[in-house]
file entry_8.cif (mmCIF, C-alpha atoms)
data_structure
loop_
_atom_site.label_atom_id
_atom_site.label_comp_id
_atom_site.auth_asym_id
_atom_site.auth_seq_id
_atom_site.Cartn_x
_atom_site.Cartn_y
_atom_site.Cartn_z
CA MET L 1 -5.05 -4.12 16.27
CA SER L 2 -3.45 -6.50 13.76
CA ALA L 3 -1.48 -5.19 10.80
CA ARG L 4 -3.82 -6.92 8.38
CA TRP L 5 -6.87 -5.20 9.88
CA THR L 6 -5.10 -1.85 9.82
CA ASN L 7 -4.08 -2.30 6.17
CA GLN L 8 -7.25 -4.01 4.92
CA ALA L 9 -8.14 -1.12 2.61
CA GLN L 10 -4.80 -1.56 0.86
CA SER L 11 -5.58 -5.25 0.22
CA ASN L 12 -9.06 -4.34 -0.99
CA SER L 13 -7.57 -1.91 -3.51
CA MET L 14 -5.47 -4.74 -4.93
CA LEU L 15 -8.35 -7.24 -5.13
CA ALA L 16 -9.60 -6.39 -8.63
CA GLY L 17 -6.16 -6.81 -10.17
CA THR L 18 -5.51 -10.03 -8.26
CA LEU L 19 -8.75 -11.51 -9.60
CA LEU L 20 -7.89 -10.47 -13.16
CA PHE L 21 -4.57 -12.30 -12.94
CA ILE L 22 -6.37 -15.60 -12.28
CA PRO L 23 -7.68 -15.92 -15.89
CA GLY L 24 -4.26 -14.61 -16.93
CA GLY L 25 -2.62 -17.53 -15.16
CA MET L 26 -5.06 -19.91 -16.82
CA ASN L 27 -4.12 -18.60 -20.27
CA LEU L 28 -0.44 -18.67 -19.35
CA ALA L 29 -0.69 -22.36 -18.46
CA LEU L 30 -2.86 -23.14 -21.49
CA GLY L 31 -0.14 -21.81 -23.79
CA LEU L 32 2.59 -23.77 -22.03
CA GLY L 33 1.26 -27.27 -22.48
CA TRP L 34 -1.83 -27.54 -20.30
CA ASN L 35 -4.49 -27.55 -23.02
CA TYR L 36 -5.65 -31.15 -23.25
CA TYR L 37 -9.04 -32.44 -24.42
CA THR L 38 -9.81 -29.66 -26.88
CA SER L 39 -10.38 -29.94 -30.60
CA VAL L 40 -8.40 -26.76 -31.24
CA PRO L 41 -5.00 -27.58 -32.77
CA THR L 42 -1.99 -26.59 -30.68
CA THR L 43 0.20 -24.40 -32.85
CA GLU L 44 3.16 -22.24 -31.92
CA HIS L 45 1.04 -19.22 -32.80
CA LEU L 46 -1.67 -20.29 -30.35
CA GLN L 47 0.93 -20.91 -27.66
CA PHE L 48 2.77 -17.59 -27.88
CA SER L 49 -0.25 -15.41 -28.79
CA TRP L 50 -1.01 -14.62 -25.14
CA PHE L 51 2.55 -13.45 -24.53
CA ILE L 52 2.38 -11.12 -27.54
CA GLY L 53 -0.79 -9.66 -26.09
CA VAL L 54 0.91 -9.03 -22.74
CA ILE L 55 3.78 -7.25 -24.49
CA VAL L 56 1.44 -4.92 -26.38
CA GLY L 57 -0.68 -4.24 -23.30
CA ALA L 58 2.30 -3.37 -21.10
CA PHE L 59 3.76 -1.16 -23.82
CA ILE L 60 0.56 0.86 -24.13
CA ALA L 61 -0.18 1.04 -20.39
CA ALA L 62 3.14 2.56 -19.28
CA PRO L 63 2.82 6.11 -20.68
CA LEU L 64 -0.77 6.50 -19.43
CA ILE L 65 0.03 6.04 -15.73
CA THR L 66 0.33 9.76 -15.02
CA PHE L 67 -3.04 10.61 -16.59
CA VAL L 68 -5.36 7.65 -15.99
CA GLN L 69 -6.60 6.50 -12.58
CA LYS L 70 -5.89 2.86 -11.73
CA ARG L 71 -9.60 2.07 -11.41
CA TRP L 72 -10.13 2.80 -15.12
CA TYR L 73 -7.21 0.55 -16.02
CA MET L 74 -8.79 -2.30 -14.10
CA LEU L 75 -12.27 -1.65 -15.47
CA PHE L 76 -11.02 -1.70 -19.06
CA SER L 77 -8.90 -4.80 -18.44
CA GLY L 78 -11.82 -6.50 -16.69
CA ILE L 79 -14.09 -5.87 -19.67
CA LEU L 80 -11.48 -7.34 -22.01
CA VAL L 81 -11.04 -10.42 -19.79
CA LEU L 82 -14.81 -10.84 -19.75
CA ALA L 83 -14.90 -10.58 -23.55
CA GLY L 84 -12.20 -13.22 -23.84
CA GLY L 85 -14.17 -15.51 -21.54
CA ILE L 86 -17.32 -15.07 -23.61
CA ILE L 87 -15.42 -16.03 -26.76
CA PHE L 88 -14.00 -19.15 -25.08
CA THR L 89 -17.51 -20.11 -23.97
CA SER L 90 -19.36 -19.41 -27.21
CA ALA L 91 -16.78 -20.80 -29.68
CA PRO L 92 -14.68 -23.34 -27.76
CA ASP L 93 -13.77 -25.39 -30.84
CA ASN L 94 -13.02 -22.55 -33.25
CA TYR L 95 -9.28 -22.03 -33.67
CA ASP L 96 -9.45 -18.43 -34.84
CA ALA L 97 -11.86 -17.46 -32.05
CA ILE L 98 -9.68 -19.03 -29.34
CA LEU L 99 -6.61 -17.38 -30.84
CA ALA L 100 -8.33 -13.98 -30.72
CA ALA L 101 -9.50 -14.62 -27.15
CA ARG L 102 -5.93 -15.36 -26.06
CA TYR L 103 -4.67 -12.15 -27.65
CA ILE L 104 -7.43 -10.21 -25.89
CA ASN L 105 -6.71 -11.76 -22.51
CA GLY L 106 -2.97 -11.23 -22.92
CA PHE L 107 -3.49 -7.57 -23.78
CA ALA L 108 -5.77 -7.15 -20.75
CA ILE L 109 -3.20 -8.65 -18.38
CA GLY L 110 -0.35 -6.62 -19.84
CA PHE L 111 -2.48 -3.48 -19.59
CA ALA L 112 -3.33 -4.25 -15.94
CA VAL L 113 0.03 -5.42 -14.56
CA ILE L 114 1.85 -2.08 -14.76
CA PRO L 115 -0.79 0.01 -12.92
CA PHE L 116 -1.30 -2.86 -10.47
CA LEU L 117 2.37 -2.88 -9.44
CA VAL L 118 2.55 0.93 -9.42
CA LEU L 119 -0.53 1.10 -7.19
CA GLY L 120 0.75 -1.58 -4.82
CA SER L 121 4.09 0.15 -4.41
CA GLU L 122 2.51 3.54 -3.70
CA ILE L 123 -0.38 2.65 -1.38
CA GLY L 124 1.32 -0.12 0.60
CA VAL L 125 2.88 1.06 3.83
CA ARG L 126 6.48 -0.02 4.33
CA SER L 127 5.45 -2.92 6.57
CA TYR L 128 2.83 -4.21 4.12
CA ARG L 129 4.10 -3.23 0.66
CA GLY L 130 5.63 -6.63 -0.09
CA THR L 131 2.30 -8.35 0.56
CA CYS L 132 0.44 -5.95 -1.75
CA LEU L 133 2.91 -6.46 -4.59
CA SER L 134 3.15 -10.24 -4.21
CA LEU L 135 -0.56 -10.54 -5.01
CA GLU L 136 0.31 -10.35 -8.72
CA GLN L 137 2.03 -13.74 -8.66
CA TYR L 138 -0.54 -15.11 -6.22
CA GLY L 139 -3.32 -14.50 -8.75
CA LEU L 140 -1.30 -15.94 -11.64
CA ALA L 141 -0.41 -19.05 -9.62
CA LEU L 142 -4.05 -19.63 -8.69
CA GLY L 143 -4.97 -19.45 -12.37
CA ILE L 144 -2.16 -21.84 -13.28
CA MET L 145 -3.40 -24.32 -10.69
CA ILE L 146 -7.01 -24.13 -11.93
CA GLN L 147 -5.95 -24.67 -15.54
CA ILE L 148 -3.70 -27.65 -14.73
CA VAL L 149 -6.30 -29.36 -12.54
CA TYR L 150 -9.19 -29.25 -14.98
CA ALA L 151 -7.02 -29.81 -18.09
CA THR L 152 -5.53 -33.02 -16.71
CA GLN L 153 -8.74 -34.38 -15.16
CA TRP L 154 -11.01 -33.69 -18.13
CA SER L 155 -12.01 -36.44 -20.54
CA SER L 156 -12.65 -36.66 -24.25
CA TYR L 157 -15.83 -38.53 -23.38
CA TYR L 158 -17.37 -35.43 -21.82
CA ASP L 159 -19.89 -33.73 -24.07
CA PHE L 160 -18.54 -30.39 -22.91
CA SER L 161 -15.40 -28.74 -24.21
CA ALA L 162 -12.58 -27.98 -21.78
CA ASN L 163 -12.27 -24.59 -23.47
CA ARG L 164 -15.91 -23.84 -22.64
CA LEU L 165 -15.21 -24.54 -18.98
CA HIS L 166 -12.19 -22.21 -19.26
CA GLY L 167 -14.50 -19.52 -20.59
CA ILE L 168 -17.13 -19.98 -17.88
CA ILE L 169 -14.54 -19.75 -15.11
CA THR L 170 -13.09 -16.63 -16.75
CA ILE L 171 -16.51 -14.97 -17.01
CA VAL L 172 -17.32 -15.58 -13.34
CA ILE L 173 -13.98 -14.25 -12.16
CA ALA L 174 -14.14 -11.23 -14.50
CA VAL L 175 -17.56 -10.26 -13.12
CA PHE L 176 -16.22 -10.33 -9.56
CA ALA L 177 -13.14 -8.37 -10.66
CA LEU L 178 -15.29 -5.68 -12.24
CA GLY L 179 -17.27 -5.41 -9.02
CA ALA L 180 -14.07 -5.20 -6.99
CA THR L 181 -12.94 -2.10 -8.90
CA TYR L 182 -15.32 -0.19 -6.63
CA SER L 183 -12.93 -0.80 -3.71
CA ILE L 184 -9.86 0.65 -5.48
CA ILE L 185 -8.46 3.71 -3.73
CA GLU L 186 -6.26 5.84 -5.95
CA SER L 187 -2.63 6.37 -5.02
CA PRO L 188 -1.94 9.62 -3.13
CA ILE L 189 0.94 10.24 -5.56
CA TYR L 190 -1.59 10.55 -8.38
CA TYR L 191 -3.14 13.52 -6.57
CA LEU L 192 0.20 15.01 -5.51
CA ARG L 193 1.22 15.09 -9.15
CA LYS L 194 -1.85 17.23 -9.79
CA GLY L 195 -1.01 19.50 -6.86
CA ASP L 196 -4.02 18.35 -4.82
CA GLU L 197 -2.51 17.71 -1.39
CA GLY L 198 -5.92 17.54 0.28
CA ALA L 199 -7.03 14.68 -1.97
CA ALA L 200 -3.72 12.91 -1.35
CA LEU L 201 -4.23 13.14 2.41
CA GLU L 202 -7.80 11.88 2.02
CA SER L 203 -6.50 8.93 0.01
CA LEU L 204 -4.05 8.05 2.78
CA ARG L 205 -6.82 8.34 5.37
CA ARG L 206 -9.00 5.87 3.49
CA LEU L 207 -6.09 3.45 3.09
CA GLN L 208 -5.77 2.81 6.81
CA ARG L 209 -7.88 1.79 9.78
CA PRO L 210 -9.21 3.52 11.75
CA TYR L 211 -10.18 6.06 9.09
CA VAL L 212 -8.68 9.12 10.76
CA VAL L 213 -5.77 11.41 9.92
CA THR L 214 -2.98 10.84 12.43
CA ASP L 215 0.57 12.06 12.79
CA ALA L 216 1.65 8.85 11.06
CA THR L 217 -0.65 9.70 8.14
CA ARG L 218 0.88 13.15 7.78
CA ALA L 219 4.38 11.69 8.06
CA GLN L 220 3.56 9.26 5.25
CA LEU L 221 2.35 12.16 3.11
CA GLU L 222 5.58 14.05 3.72
CA GLU L 223 7.59 10.97 2.80
CA LEU L 224 5.73 10.67 -0.51
CA LYS L 225 6.39 14.34 -1.21
CA LEU L 226 10.09 13.74 -0.60
CA TYR L 227 9.92 10.74 -2.93
CA MET L 228 8.51 12.99 -5.63
CA GLN L 229 11.02 15.75 -4.91
CA GLU L 230 13.93 13.33 -5.11
CA ASP L 231 12.59 12.11 -8.44
CA ARG L 232 13.05 15.60 -9.89
CA ASP L 233 16.71 15.52 -8.86
CA ILE L 234 17.41 12.09 -10.37
CA TYR L 235 19.79 11.96 -13.31
CA ALA L 236 19.51 9.32 -16.01
CA PRO L 237 22.46 7.05 -15.06
CA ARG L 238 20.78 6.30 -11.71
CA THR L 239 18.13 4.39 -13.63
CA HIS L 240 20.58 2.05 -15.33
CA MET L 241 21.65 -0.07 -12.37
CA PRO L 242 18.14 -0.65 -10.94
CA LEU L 243 16.86 -1.49 -14.42
CA LEU L 244 19.65 -4.00 -15.06
CA LYS L 245 19.08 -5.71 -11.73
CA ALA L 246 15.29 -5.80 -12.12
CA ILE L 247 15.37 -7.13 -15.69
CA LEU L 248 17.75 -9.95 -14.80
CA PHE L 249 15.84 -10.85 -11.64
CA ARG L 250 12.47 -10.88 -13.39
CA ALA L 251 14.00 -12.84 -16.28
CA MET L 252 14.39 -15.80 -13.93
CA VAL L 253 10.60 -16.14 -13.62
CA PRO L 254 10.01 -17.75 -17.07
CA PHE L 255 12.54 -20.48 -16.31
CA THR L 256 10.39 -21.69 -13.39
CA PHE L 257 7.31 -22.46 -15.52
CA THR L 258 8.03 -23.22 -19.17
CA LEU L 259 6.86 -25.51 -21.95
CA PRO L 260 9.84 -27.90 -21.48
CA LEU L 261 9.22 -28.30 -17.73
CA ASN L 262 5.49 -28.80 -18.22
CA LEU L 263 5.90 -31.38 -20.97
CA THR L 264 8.48 -33.14 -18.82
CA ILE L 265 6.23 -33.53 -15.76
CA PHE L 266 3.36 -34.75 -17.95
CA PHE L 267 5.56 -37.30 -19.71
CA ALA L 268 7.26 -38.45 -16.51
CA SER L 269 3.99 -38.84 -14.62
CA THR L 270 2.49 -40.87 -17.48
CA ILE L 271 5.48 -43.26 -17.54
CA SER L 272 5.84 -43.58 -13.76
CA MET L 273 2.13 -43.96 -12.99
CA GLY L 274 1.21 -45.96 -16.07
CA TYR L 275 -1.72 -43.76 -17.17
CA VAL L 276 -2.30 -40.25 -18.44
CA ASP L 277 -4.72 -38.77 -15.89
CA SER L 278 -2.40 -39.20 -12.91
CA TRP L 279 -2.07 -37.09 -9.78
CA PRO L 280 1.46 -35.56 -10.11
CA PRO L 281 0.37 -32.75 -12.49
CA ILE L 282 -2.36 -31.75 -10.02
CA VAL L 283 0.13 -31.56 -7.16
CA TYR L 284 2.47 -29.72 -9.55
CA GLY L 285 -0.06 -26.89 -9.87
CA VAL L 286 -1.14 -26.96 -6.23
CA LEU L 287 2.44 -26.65 -4.97
CA ARG L 288 3.03 -23.63 -7.22
CA PHE L 289 0.01 -21.97 -5.64
CA LEU L 290 0.96 -22.94 -2.08
CA GLY L 291 4.46 -21.61 -2.70
CA THR L 292 3.10 -18.17 -3.62
CA PHE L 293 0.70 -18.27 -0.67
CA LEU L 294 3.47 -18.37 1.93
CA PRO L 295 5.19 -15.10 0.86
CA LEU L 296 2.01 -13.21 1.73
CA TRP L 297 3.32 -13.56 5.28
CA LEU L 298 7.04 -13.92 4.61
CA MET L 299 7.65 -10.89 2.38
CA ASP L 300 7.35 -8.33 5.14
CA GLY L 301 8.67 -10.64 7.85
CA LEU L 302 11.73 -12.58 6.75
CA GLY L 303 12.14 -10.27 3.77
CA ARG L 304 12.51 -10.63 0.01
CA LYS L 305 16.16 -11.40 -0.63
CA SER L 306 16.96 -14.39 1.58
CA VAL L 307 13.80 -16.37 0.76
CA SER L 308 13.90 -15.67 -2.98
CA LEU L 309 17.61 -16.37 -3.50
CA PHE L 310 17.52 -19.56 -1.45
CA SER L 311 14.54 -20.71 -3.55
CA LEU L 312 16.20 -19.78 -6.84
CA LEU L 313 19.33 -21.72 -5.88
CA ILE L 314 17.26 -24.80 -5.06
CA ILE L 315 15.32 -24.50 -8.34
CA GLY L 316 18.59 -24.36 -10.28
CA GLY L 317 19.91 -27.46 -8.57
CA LEU L 318 16.68 -29.42 -9.06
CA THR L 319 16.53 -28.44 -12.73
CA ILE L 320 20.07 -29.73 -13.29
CA GLY L 321 18.98 -32.94 -11.56
CA ILE L 322 16.19 -33.43 -14.09
CA GLY L 323 18.63 -32.72 -16.93
CA SER L 324 21.08 -35.34 -15.68
CA ILE L 325 18.37 -38.02 -15.79
CA PHE L 326 17.49 -37.17 -19.39
CA ASN L 327 21.15 -37.45 -20.38
CA ASP L 328 20.51 -41.15 -21.00
CA SER L 329 17.51 -41.87 -23.24
CA VAL L 330 17.13 -45.31 -21.62
CA ASN L 331 15.89 -43.53 -18.49
CA LEU L 332 12.80 -42.35 -20.37
CA LEU L 333 11.36 -45.87 -20.08
CA SER L 334 12.28 -46.35 -16.42
CA GLU L 335 9.35 -45.96 -14.04
CA TYR L 336 11.72 -45.29 -11.16
CA LYS L 337 13.74 -42.61 -12.99
CA MET L 338 10.58 -40.90 -14.18
CA SER L 339 9.16 -40.97 -10.65
CA VAL L 340 12.32 -39.14 -9.55
CA VAL L 341 11.71 -36.58 -12.31
CA CYS L 342 8.16 -36.14 -11.01
CA THR L 343 9.41 -35.52 -7.50
CA LEU L 344 12.01 -33.00 -8.64
CA SER L 345 9.41 -31.22 -10.79
CA LEU L 346 7.00 -30.94 -7.87
CA LEU L 347 9.71 -29.46 -5.68
CA ILE L 348 10.65 -26.98 -8.40
CA GLN L 349 7.12 -25.60 -8.45
CA PHE L 350 6.95 -25.20 -4.69
CA PHE L 351 10.22 -23.27 -4.55
CA ALA L 352 9.22 -21.35 -7.69
CA GLY L 353 6.16 -20.21 -5.79
CA LEU L 354 8.41 -18.97 -2.99
CA PHE L 355 10.67 -17.17 -5.46
CA VAL L 356 8.41 -15.32 -7.90
CA PRO L 357 6.58 -12.94 -5.50
CA ALA L 358 9.86 -11.19 -4.70
CA THR L 359 10.22 -10.27 -8.38
CA SER L 360 6.94 -8.34 -8.17
CA ALA L 361 8.06 -6.60 -4.99
CA PHE L 362 11.38 -5.55 -6.51
CA LEU L 363 9.66 -4.24 -9.65
CA GLY L 364 7.56 -1.98 -7.47
CA GLU L 365 10.50 -0.74 -5.41
CA ALA L 366 13.50 -0.56 -7.73
CA PHE L 367 12.79 2.58 -9.74
CA HIS L 368 12.33 6.26 -9.13
CA LEU L 369 8.91 7.70 -9.81
CA SER L 370 9.04 9.02 -13.37
CA ALA L 371 10.90 6.00 -14.79
CA LYS L 372 8.92 3.37 -12.88
CA PRO L 373 6.14 2.47 -15.38
CA TYR L 374 8.52 2.37 -18.36
CA CYS L 375 11.12 0.25 -16.56
CA MET L 376 8.41 -2.07 -15.26
CA ALA L 377 7.03 -2.48 -18.77
CA LEU L 378 10.47 -3.31 -20.14
CA CYS L 379 10.99 -5.98 -17.46
CA VAL L 380 7.59 -7.52 -18.18
CA ILE L 381 8.24 -7.46 -21.93
CA VAL L 382 11.61 -9.23 -21.54
CA GLU L 383 9.87 -11.89 -19.44
CA GLN L 384 7.38 -12.58 -22.24
CA VAL L 385 10.06 -12.56 -24.95
CA ILE L 386 11.94 -15.33 -23.11
CA GLN L 387 8.81 -17.49 -23.09
CA ILE L 388 8.25 -16.87 -26.80
CA ILE L 389 11.84 -17.83 -27.63
CA ILE L 390 11.55 -21.06 -25.65
CA ILE L 391 8.24 -21.96 -27.33
CA CYS L 392 9.65 -21.36 -30.82
CA THR L 393 12.94 -23.22 -30.30
CA PHE L 394 12.06 -26.21 -28.14
CA THR L 395 11.24 -29.68 -29.43
CA PHE L 396 10.51 -32.41 -26.90
CA GLY L 397 13.11 -35.15 -26.67
CA ALA L 398 15.69 -36.55 -24.27
CA SER L 399 18.57 -34.51 -25.69
CA SER L 400 16.60 -31.26 -25.77
CA ILE L 401 15.34 -31.71 -22.19
CA PHE L 402 18.90 -32.46 -21.09
CA ALA L 403 20.30 -29.37 -22.82
CA TYR L 404 17.48 -27.10 -21.62
CA CYS L 405 17.59 -28.19 -17.97
CA ILE L 406 21.37 -28.08 -17.67
CA ALA L 407 21.56 -24.65 -19.32
CA THR L 408 18.75 -23.05 -17.32
CA GLY L 409 19.87 -24.70 -14.09
CA VAL L 410 23.37 -23.31 -14.47
CA ILE L 411 21.99 -19.89 -15.39
CA MET L 412 19.84 -19.79 -12.23
CA ILE L 413 22.69 -20.86 -9.97
CA VAL L 414 25.14 -18.37 -11.47
CA PHE L 415 22.65 -15.53 -11.23
CA THR L 416 21.80 -16.48 -7.65
CA LEU L 417 25.43 -15.79 -6.76
CA LEU L 418 25.37 -12.51 -8.68
CA PHE L 419 22.11 -11.46 -7.05
CA PHE L 420 23.52 -12.23 -3.61
CA VAL L 421 26.09 -9.47 -4.02
CA SER L 422 23.88 -7.02 -5.92
CA ILE L 423 20.16 -7.31 -5.04
CA PRO L 424 19.26 -5.33 -1.91
CA GLU L 425 16.88 -6.29 0.87
CA THR L 426 14.01 -3.77 0.82
CA ARG L 427 11.84 -5.01 3.66
CA SER L 428 10.45 -2.18 5.83
CA THR L 429 12.10 0.53 3.71
CA THR L 430 10.49 3.58 2.18
CA LEU L 431 10.36 3.78 -1.60
CA ARG L 432 13.20 6.32 -1.51
CA GLU L 433 15.37 4.03 0.56
CA ALA L 434 14.58 1.01 -1.64
CA ASN L 435 15.44 2.92 -4.81
CA ASN L 436 18.70 4.19 -3.31
CA ARG L 437 19.69 0.64 -2.40
CA PHE L 438 19.03 -0.55 -5.94
CA THR L 439 21.33 2.13 -7.34
CA GLN L 440 24.27 0.63 -5.45
CA THR L 441 26.31 -1.75 -7.59
CA VAL L 442 27.17 -4.04 -4.66
CA TYR L 443 24.77 -4.85 -1.84
CA ILE L 444 25.56 -7.98 0.15
CA SER L 445 23.45 -7.61 3.30
CA VAL L 446 20.29 -9.74 3.58
CA TYR L 447 18.76 -7.42 6.20
#

call {"tool": "encode", "arguments": {"input": "entry_8.cif", "output": "structure tokens"}}
result
Amino acid sequence: MSARWTNQAQSNSMLAGTLLFIPGGMNLALGLGWNYYTSVPTTEHLQFSWFIGVIVGAFIAAPLITFVQKRWYMLFSGILVLAGGIIFTSAPDNYDAILAARYINGFAIGFAVIPFLVLGSEIGVRSYRGTCLSLEQYGLALGIMIQIVYATQWSSYYDFSANRLHGIITIVIAVFALGATYSIIESPIYYLRKGDEGAALESLRRLQRPYVVTDATRAQLEELKLYMQEDRDIYAPRTHMPLLKAILFRAMVPFTFTLPLNLTIFFASTISMGYVDSWPPIVYGVLRFLGTFLPLWLMDGLGRKSVSLFSLLIIGGLTIGIGSIFNDSVNLLSEYKMSVVCTLSLLIQFFAGLFVPATSAFLGEAFHLSAKPYCMALCVIVEQVIQIIIICTFTFGASSIFAYCIATGVIMIVFTLLFFVSIPETRSTTLREANNRFTQTVYISVY
């Protein structure tokens, strides 16, 4: 029997959240430059509204983890995503309506991401946990790709608003996501917290194929009980090192898909190809998606650390390469130089796709039980704050692109070196083992 057949119920439990992240990715991309052919003015408020919503949603979701089953999180978030889609469809040219819809969608995604990662970390067996957790970025990348493709290929001659299409796609996906909540199996830890060991064992039985209780099932239950017992013995300072590592690692994600990078690829493709609706932006989105697709197999095979750090190093180098071209404003009119920028931008998105799933895996594995939702929320909030800062401080121009790319490229390279000696490899570990590795200040091994 293949591992994917054996663990199919775990994937099914993650399906609803993965679907919800697709409209989330669409709104993420819409706020970062991919919102062409709409009559709604692009303001800073419209751009960062979604990120504010995510912050609020994550902040509210964290303290409810102990009391609310994950299915109800996903149902509530799905209803909100559906509502946002209806607003996009019914009032595609109304600025205030679209602004409200983006806040609603952002809140829904923020409210869903914490329970999604908690669930993935607790129901995924050690040989499949990375795959379960990487589905967060897979869904977001699929949404980013959809948004980029239709936004760049739309036309002002169409008697149909691009925002209305956004809303229709969101509605369809939200309906499927709401239906998929039926397949969610609650984490056994949720029941262990309530002292119901029988329900916890039943949960584990349903999470595997064949659906029978085996010695391995009972061993997994005992491991989860030890995970909970160790949590009671944890003292506060043991949270500090994992939190620092996780925040810094997750903080690299915004630098891989930002307003400056997106405006740069659009400008460069227009100059190099000679027309606006060119193919590089499409490939830009597709490569991001393909990059996140590969870790579904790599995360629990090659591991998290080696693939992600190699990718982050490459991204840093490519970003510096783009910055060096924009150091001379004359290059902005060179078709050849801008074609090089296009190529570098495409490569960045592919390697970004390889990098970002590991951030989801580490969020699910870095923290001990009681601190996990709060630390996750803080990491997600910092990620959104970085995007908001970039949106509010960036103005497109040769000098600003140069400064941004050189600064972020250097940051990514420096942090790659720091992560190499501090971030642990957590492939095929239990949650206890992963957390213990994160508490170590230095961890060099990639195995």

call {"tool": "closest_atom_pairs", "arguments": {"input": "entry_8.cif", "of": "region 7-82 of chain L", "to": "region 284-303 of chain L", "cutoff": "12 Å", "atoms": "only C-alpha atoms", "output": "CSV"}}
result
residue,atom,partner,partner_atom,distance
L:Ser11,CA,L:Leu296,CA,11.1
L:Ile22,CA,L:Phe289,CA,11.2
L:Gly25,CA,L:Phe289,CA,10.8
L:Met26,CA,L:Gly285,CA,11.0
L:Ala29,CA,L:Gly285,CA,9.7
L:Trp34,CA,L:Gly285,CA,10.6

call {"tool": "write_last_selection", "arguments": {"input": "entry_8.cif", "atoms": "C-alpha atoms", "output": "PDB file, in the coordinates of the input"}}
result
ATOM      1  CA  SER L  11      -5.580  -5.250   0.220  1.00  0.00           C
ATOM      2  CA  ILE L  22      -6.370 -15.600 -12.280  1.00  0.00           C
ATOM      3  CA  GLY L  25      -2.620 -17.530 -15.160  1.00  0.00           C
ATOM      4  CA  MET L  26      -5.060 -19.910 -16.820  1.00  0.00           C
ATOM      5  CA  ALA L  29      -0.690 -22.360 -18.460  1.00  0.00           C
ATOM      6  CA  TRP L  34      -1.830 -27.540 -20.300  1.00  0.00           C
TER       7      TRP L  34
END

call {"tool": "resolve_selection", "arguments": {"input": "entry_8.cif", "expression": "the PyMOL selection byres ((chain L and resi 382-390) around 10)", "output": "PyMOL selection string"}}
result
chain L and resi 31-32+44-45+47-55+247-255+257-260+377-381+391-395+404

call {"tool": "residues_around", "arguments": {"input": "entry_8.cif", "residues": "region 165-179 of chain L", "least_positions_apart": "5", "cutoff": "9 Å", "atoms": "all atoms listed in the file", "output": "ChimeraX atom specification"}}
result
/L:15-20,22-23,26-27,74-90,92,147,150,160

call {"tool": "closest_residue", "arguments": {"input": "entry_8.cif", "among": "L:Ser329, L:Thr214, L:Gln349, L:Gln220", "to": "Ile265 (chain L)", "atoms": "only C-alpha atoms"}}
result
L:Gln349

call {"tool": "residues_around", "arguments": {"input": "entry_8.cif", "residues": "region 277-281 of chain L", "least_positions_apart": "4", "cutoff": "9 Å", "atoms": "all atoms listed in the file", "output": "list in words"}}
result
Ile148, Val149, Thr152, Gln153, Trp154, Ser155, Asn262, Ile265, Phe266, Ser269, Thr270, Met273, Gly285, Val286, Cys342, Thr343 and Leu346 of chain L

call {"tool": "resolve_selection", "arguments": {"input": "entry_8.cif", "expression": "the PyMOL selection byres ((chain L and resi 122) around 9)", "output": "VMD selection string"}}
result
chain L and resid 117 to 121 123 to 125 129 187 to 189 224 364 431

call {"tool": "resolve_selection", "arguments": {"input": "entry_8.cif", "expression": "the PyMOL selection byres ((chain L and resi 396-402) around 8)", "output": "ChimeraX atom specification"}}
result
/L:260,263-264,322-329,332,394-395,403-406

call {"tool": "write_last_selection", "arguments": {"input": "entry_8.cif", "atoms": "C-alpha atoms", "output": "compact mmCIF listing (two decimals), in the coordinates of the input"}}
result
# COMPACT_ATOMS: atom_id res chain seq x y z
CA PRO L 260 9.84 -27.90 -21.48
CA LEU L 263 5.90 -31.38 -20.97
CA THR L 264 8.48 -33.14 -18.82
CA ILE L 322 16.19 -33.43 -14.09
CA GLY L 323 18.63 -32.72 -16.93
CA SER L 324 21.08 -35.34 -15.68
CA ILE L 325 18.37 -38.02 -15.79
CA PHE L 326 17.49 -37.17 -19.39
CA ASN L 327 21.15 -37.45 -20.38
CA ASP L 328 20.51 -41.15 -21.00
CA SER L 329 17.51 -41.87 -23.24
CA LEU L 332 12.80 -42.35 -20.37
CA PHE L 394 12.06 -26.21 -28.14
CA THR L 395 11.24 -29.68 -29.43
CA ALA L 403 20.30 -29.37 -22.82
CA TYR L 404 17.48 -27.10 -21.62
CA CYS L 405 17.59 -28.19 -17.97
CA ILE L 406 21.37 -28.08 -17.67

call {"tool": "residues_around", "arguments": {"input": "entry_8.cif", "residues": "Leu333 (chain L)", "least_positions_apart": "3", "cutoff": "10 Å", "atoms": "all atoms listed in the file", "output": "list in words"}}
result
Ala268, Ile271, Ser272, Ser329, Val330, Tyr336, Lys337 and Met338 of chain L

call {"tool": "axis_aligned_box", "arguments": {"input": "entry_8.cif", "around": "region 139-156 of chain L", "padding_each_side": "5 Å", "output": "AutoDock Vina command-line options"}}
result
--center_x -6.5 --center_y -25.6 --center_z -16.5 --size_x 22.2 --size_y 32.2 --size_z 25.6

call {"tool": "atom_distance", "arguments": {"input": "entry_8.cif", "atom1": "CA of Gly353 (chain L)", "atom2": "CA of Gly57 (chain L)"}}
result
24.7 Å

call {"tool": "closest_residue", "arguments": {"input": "entry_8.cif", "among": "L:Thr6, L:Thr416, L:Asn331, L:Thr217", "to": "Ser203 (chain L)", "atoms": "all atoms listed in the file"}}
result
L:Thr217

call {"tool": "atom_distance", "arguments": {"input": "entry_8.cif", "atom1": "CA of Ser13 (chain L)", "atom2": "CA of Val307 (chain L)"}}
result
26.2 Å

call {"tool": "atom_distance", "arguments": {"input": "entry_8.cif", "atom1": "CA of Pro242 (chain L)", "atom2": "CA of Ile411 (chain L)"}}
result
20.1 Å
